[in-house]
Amino acid sequence: MDRRDMNRKWYHSFDQKRMVIIVTEPGDAGDEGEPPAPFEVPAVFEVCETCDGKGTHVNPSIDAHGISREEFDEDPDFRDDYFLGRYDVPCNECGGQRVVPVIDPNCEPTLRAKAEQYEQDHYDYQRECEAERRMGA
């Protein structure tokens, strides 16, 4: 799976003014029929890994499965357009902002572990969905 196609947003929302990531845990309704309460995790900005801080990347539909030297040789205009950035789109992860919120490394350890587990579960689910799509499910 190409990183540019993956849903990298593992949290519900981000409050930039307060610099907190708001995480809404999935799950069944509790005894009172209400979903689990969201929790907040302190955040810091980090350079976006998907676009390397450029704010754009090549449209994944153009090169997600690689481009051979022969393809560039067959169509020099395509090669020129590709390297000039004519197939670039705003970054799918940061939306062109060049940075993304991540869990503050100085966050309280128990809260950090809870958020990191939620993040890992999100990415595991994304990979599972991709595997099912490849299998034709």
# chains A, B, ... in the order shown; residues from 1 in each chain; ligands from 1
>>> closest_atom_pairs(of="stretch 19-63 of chain A", to="stretch 75-88 of chain A", cutoff="7 Å", atoms="only C-alpha atoms", output="tab-separated table")
residue	atom	partner	partner_atom	distance
A:Thr56	CA	A:Asp88	CA	6.0
A:His57	CA	A:Asp88	CA	5.1
A:Val58	CA	A:Asp88	CA	4.1
A:Asn59	CA	A:Asp88	CA	5.5
>>> residues_around(residues="A:Gln97", least_positions_apart="4", cutoff="12 Å", atoms="only C-alpha atoms", output="PyMOL selection string")
chain A and resi 45-56+90-93+101
>>> write_last_selection(atoms="N, CA and C atoms", output="compact mmCIF listing (two decimals), in the first residue's frame")
# COMPACT_ATOMS: atom_id res chain seq x y z
N PHE A 45 4.05 19.65 16.85
CA PHE A 45 4.12 19.52 15.40
C PHE A 45 5.40 18.81 15.00
N GLU A 46 5.29 18.03 13.94
CA GLU A 46 6.44 17.33 13.38
C GLU A 46 6.34 17.47 11.86
N VAL A 47 7.48 17.51 11.19
CA VAL A 47 7.48 17.60 9.73
C VAL A 47 6.75 16.39 9.16
N CYS A 48 5.88 16.63 8.22
CA CYS A 48 5.09 15.56 7.60
C CYS A 48 6.00 14.58 6.88
N GLU A 49 5.88 13.31 7.21
CA GLU A 49 6.71 12.28 6.58
C GLU A 49 6.25 11.94 5.17
N THR A 50 4.99 12.15 4.89
CA THR A 50 4.47 11.79 3.57
C THR A 50 5.04 12.70 2.48
N CYS A 51 5.09 14.00 2.75
CA CYS A 51 5.60 14.94 1.73
C CYS A 51 6.98 15.48 2.08
N ASP A 52 7.57 15.02 3.17
CA ASP A 52 8.87 15.51 3.64
C ASP A 52 8.88 17.02 3.84
N GLY A 53 7.74 17.55 4.27
CA GLY A 53 7.67 18.98 4.56
C GLY A 53 7.51 19.88 3.35
N LYS A 54 7.23 19.31 2.19
CA LYS A 54 7.06 20.12 0.98
C LYS A 54 5.62 20.61 0.81
N GLY A 55 4.67 19.90 1.40
CA GLY A 55 3.27 20.27 1.27
C GLY A 55 2.58 19.64 0.07
N THR A 56 3.36 19.06 -0.83
CA THR A 56 2.81 18.38 -2.01
C THR A 56 3.57 17.08 -2.24
N PRO A 90 -1.79 18.49 -3.43
CA PRO A 90 -1.56 18.77 -2.01
C PRO A 90 -1.41 17.45 -1.24
N CYS A 91 -0.56 17.45 -0.26
CA CYS A 91 -0.27 16.25 0.51
C CYS A 91 -1.54 15.69 1.14
N ASN A 92 -1.73 14.38 0.99
CA ASN A 92 -2.90 13.71 1.55
C ASN A 92 -2.87 13.64 3.07
N GLU A 93 -1.71 13.75 3.66
CA GLU A 93 -1.62 13.67 5.13
C GLU A 93 -1.75 15.03 5.80
N PRO A 101 0.32 17.04 13.54
CA PRO A 101 0.39 16.89 14.99
C PRO A 101 0.75 15.46 15.36
>>> select_by_dssp(residues="chain A", states="strand (DSSP E or B)", output="number ranges by chain")
A: 13-15, 20-23, 39-47, 56-58, 88-90, 99-103
>>> closest_residue(among="A:Gly96, A:Gly66, A:Pro105, A:Gly136", to="A:Ala43", atoms="only C-alpha atoms")
A:Pro105
>>> select_by_dssp(residues="stretch 59-98 of chain A", states="alpha helix (DSSP H)", output="VMD selection string")
chain A and resid 60 to 63 69 to 74 76 to 84
>>> atom_distance(atom1="atom CA of A:Arg8", atom2="atom CA of A:Cys94")
9.3 Å
>>> closest_atom_pairs(of="stretch 45-123 of chain A", to="stretch 36-41 of chain A", cutoff="9 Å", atoms="only C-alpha atoms", output="CSV")
residue,atom,partner,partner_atom,distance
A:Ile103,CA,A:Val41,CA,6.6
A:Asp104,CA,A:Val41,CA,7.7
A:Cys107,CA,A:Val41,CA,7.4
A:Glu108,CA,A:Val41,CA,9.0
A:Leu111,CA,A:Val41,CA,7.1
A:Arg112,CA,A:Val41,CA,7.3
A:Ala115,CA,A:Val41,CA,7.3
>>> write_last_selection(atoms="C-alpha atoms", output="compact mmCIF listing (two decimals), in the first residue's frame")
# COMPACT_ATOMS: atom_id res chain seq x y z
CA ILE A 103 1.81 12.89 20.49
CA ASP A 104 4.00 15.08 22.67
CA CYS A 107 3.14 13.36 27.62
CA GLU A 108 2.25 11.48 30.81
CA LEU A 111 -1.84 8.53 28.53
CA ARG A 112 0.89 8.30 25.90
CA ALA A 115 -2.89 6.98 22.61
>>> decode(residues="stretch 34-84 of chain A", atoms="N, CA and C atoms", output="compact mmCIF listing (two decimals), in the first residue's frame")
# COMPACT_ATOMS: atom_id res chain seq x y z
N GLU A 34 -24.21 5.24 26.19
CA GLU A 34 -23.39 6.29 25.60
C GLU A 34 -22.05 5.71 25.17
N PRO A 35 -21.51 6.22 24.06
CA PRO A 35 -20.20 5.73 23.61
C PRO A 35 -19.11 6.14 24.59
N PRO A 36 -17.93 5.50 24.49
CA PRO A 36 -16.82 5.89 25.38
C PRO A 36 -16.49 7.37 25.22
N ALA A 37 -16.10 7.99 26.31
CA ALA A 37 -15.77 9.42 26.29
C ALA A 37 -14.45 9.63 25.56
N PRO A 38 -14.38 10.70 24.78
CA PRO A 38 -13.10 11.01 24.11
C PRO A 38 -12.06 11.43 25.14
N PHE A 39 -10.80 11.31 24.79
CA PHE A 39 -9.74 11.80 25.66
C PHE A 39 -8.79 12.66 24.85
N GLU A 40 -8.07 13.51 25.54
CA GLU A 40 -7.16 14.45 24.89
C GLU A 40 -5.72 14.10 25.22
N VAL A 41 -4.87 14.30 24.21
CA VAL A 41 -3.45 14.01 24.35
C VAL A 41 -2.67 15.25 23.91
N PRO A 42 -1.71 15.70 24.72
CA PRO A 42 -0.90 16.85 24.30
C PRO A 42 -0.16 16.54 22.99
N ALA A 43 -0.02 17.57 22.16
CA ALA A 43 0.57 17.37 20.84
C ALA A 43 1.69 18.38 20.57
N VAL A 44 2.53 18.01 19.65
CA VAL A 44 3.55 18.90 19.09
C VAL A 44 3.50 18.71 17.57
N PHE A 45 4.05 19.65 16.85
CA PHE A 45 4.12 19.52 15.40
C PHE A 45 5.40 18.81 15.00
N GLU A 46 5.29 18.03 13.94
CA GLU A 46 6.44 17.33 13.38
C GLU A 46 6.34 17.47 11.86
N VAL A 47 7.48 17.51 11.19
CA VAL A 47 7.48 17.60 9.73
C VAL A 47 6.75 16.39 9.16
N CYS A 48 5.88 16.63 8.22
CA CYS A 48 5.09 15.56 7.60
C CYS A 48 6.00 14.58 6.88
N GLU A 49 5.88 13.31 7.21
CA GLU A 49 6.71 12.28 6.58
C GLU A 49 6.25 11.94 5.17
N THR A 50 4.99 12.15 4.89
CA THR A 50 4.47 11.79 3.57
C THR A 50 5.04 12.70 2.48
N CYS A 51 5.09 14.00 2.75
CA CYS A 51 5.60 14.94 1.73
C CYS A 51 6.98 15.48 2.08
N ASP A 52 7.57 15.02 3.17
CA ASP A 52 8.87 15.51 3.64
C ASP A 52 8.88 17.02 3.84
N GLY A 53 7.74 17.55 4.27
CA GLY A 53 7.67 18.98 4.56
C GLY A 53 7.51 19.88 3.35
N LYS A 54 7.23 19.31 2.19
CA LYS A 54 7.06 20.12 0.98
C LYS A 54 5.62 20.61 0.81
N GLY A 55 4.67 19.90 1.40
CA GLY A 55 3.27 20.27 1.27
C GLY A 55 2.58 19.64 0.07
N THR A 56 3.36 19.06 -0.83
CA THR A 56 2.81 18.38 -2.01
C THR A 56 3.57 17.08 -2.24
N HIS A 57 2.97 16.24 -3.05
CA HIS A 57 3.65 15.03 -3.52
C HIS A 57 3.02 14.65 -4.85
N VAL A 58 3.66 13.75 -5.56
CA VAL A 58 3.13 13.30 -6.84
C VAL A 58 1.82 12.57 -6.58
N ASN A 59 0.85 12.81 -7.44
CA ASN A 59 -0.43 12.11 -7.35
C ASN A 59 -0.16 10.61 -7.35
N PRO A 60 -0.62 9.89 -6.32
CA PRO A 60 -0.32 8.45 -6.25
C PRO A 60 -0.83 7.66 -7.44
N SER A 61 -1.87 8.15 -8.12
CA SER A 61 -2.36 7.42 -9.28
C SER A 61 -1.37 7.46 -10.44
N ILE A 62 -0.39 8.34 -10.39
CA ILE A 62 0.62 8.44 -11.44
C ILE A 62 1.76 7.46 -11.21
N ASP A 63 2.25 7.35 -9.97
CA ASP A 63 3.46 6.55 -9.76
C ASP A 63 3.42 5.59 -8.57
N ALA A 64 2.24 5.28 -8.08
CA ALA A 64 2.13 4.43 -6.89
C ALA A 64 2.77 3.06 -7.08
N HIS A 65 2.77 2.56 -8.27
CA HIS A 65 3.32 1.23 -8.51
C HIS A 65 4.64 1.29 -9.28
N GLY A 66 5.26 2.45 -9.24
CA GLY A 66 6.57 2.60 -9.85
C GLY A 66 6.50 3.04 -11.30
N ILE A 67 7.54 3.69 -11.72
CA ILE A 67 7.68 4.10 -13.12
C ILE A 67 9.04 3.61 -13.58
N SER A 68 9.04 2.92 -14.69
CA SER A 68 10.30 2.36 -15.19
C SER A 68 11.05 3.40 -16.04
N ARG A 69 12.29 3.16 -16.20
CA ARG A 69 13.13 4.00 -17.04
C ARG A 69 12.60 4.01 -18.47
N GLU A 70 12.10 2.85 -18.89
CA GLU A 70 11.57 2.73 -20.25
C GLU A 70 10.36 3.65 -20.45
N GLU A 71 9.52 3.77 -19.42
CA GLU A 71 8.35 4.65 -19.53
C GLU A 71 8.78 6.10 -19.72
N PHE A 72 9.81 6.51 -18.98
CA PHE A 72 10.32 7.87 -19.15
C PHE A 72 10.95 8.04 -20.53
N ASP A 73 11.67 7.02 -21.01
CA ASP A 73 12.32 7.10 -22.32
C ASP A 73 11.30 7.16 -23.45
N GLU A 74 10.17 6.45 -23.30
CA GLU A 74 9.13 6.43 -24.33
C GLU A 74 8.42 7.76 -24.46
N ASP A 75 8.33 8.51 -23.39
CA ASP A 75 7.58 9.76 -23.40
C ASP A 75 8.37 10.85 -22.66
N PRO A 76 9.29 11.52 -23.35
CA PRO A 76 10.11 12.56 -22.70
C PRO A 76 9.28 13.70 -22.12
N ASP A 77 8.13 14.01 -22.73
CA ASP A 77 7.28 15.08 -22.18
C ASP A 77 6.73 14.67 -20.82
N PHE A 78 6.35 13.41 -20.69
CA PHE A 78 5.86 12.90 -19.41
C PHE A 78 6.97 13.01 -18.36
N ARG A 79 8.18 12.61 -18.74
CA ARG A 79 9.32 12.70 -17.81
C ARG A 79 9.53 14.14 -17.36
N ASP A 80 9.52 15.07 -18.30
CA ASP A 80 9.73 16.47 -17.95
C ASP A 80 8.62 16.98 -17.03
N ASP A 81 7.37 16.67 -17.38
CA ASP A 81 6.24 17.10 -16.55
C ASP A 81 6.32 16.49 -15.15
N TYR A 82 6.72 15.23 -15.09
CA TYR A 82 6.82 14.54 -13.80
C TYR A 82 7.83 15.24 -12.89
N PHE A 83 9.01 15.52 -13.43
CA PHE A 83 10.06 16.12 -12.61
C PHE A 83 9.85 17.63 -12.37
N LEU A 84 9.02 18.26 -13.19
CA LEU A 84 8.70 19.67 -12.96
C LEU A 84 7.58 19.83 -11.94
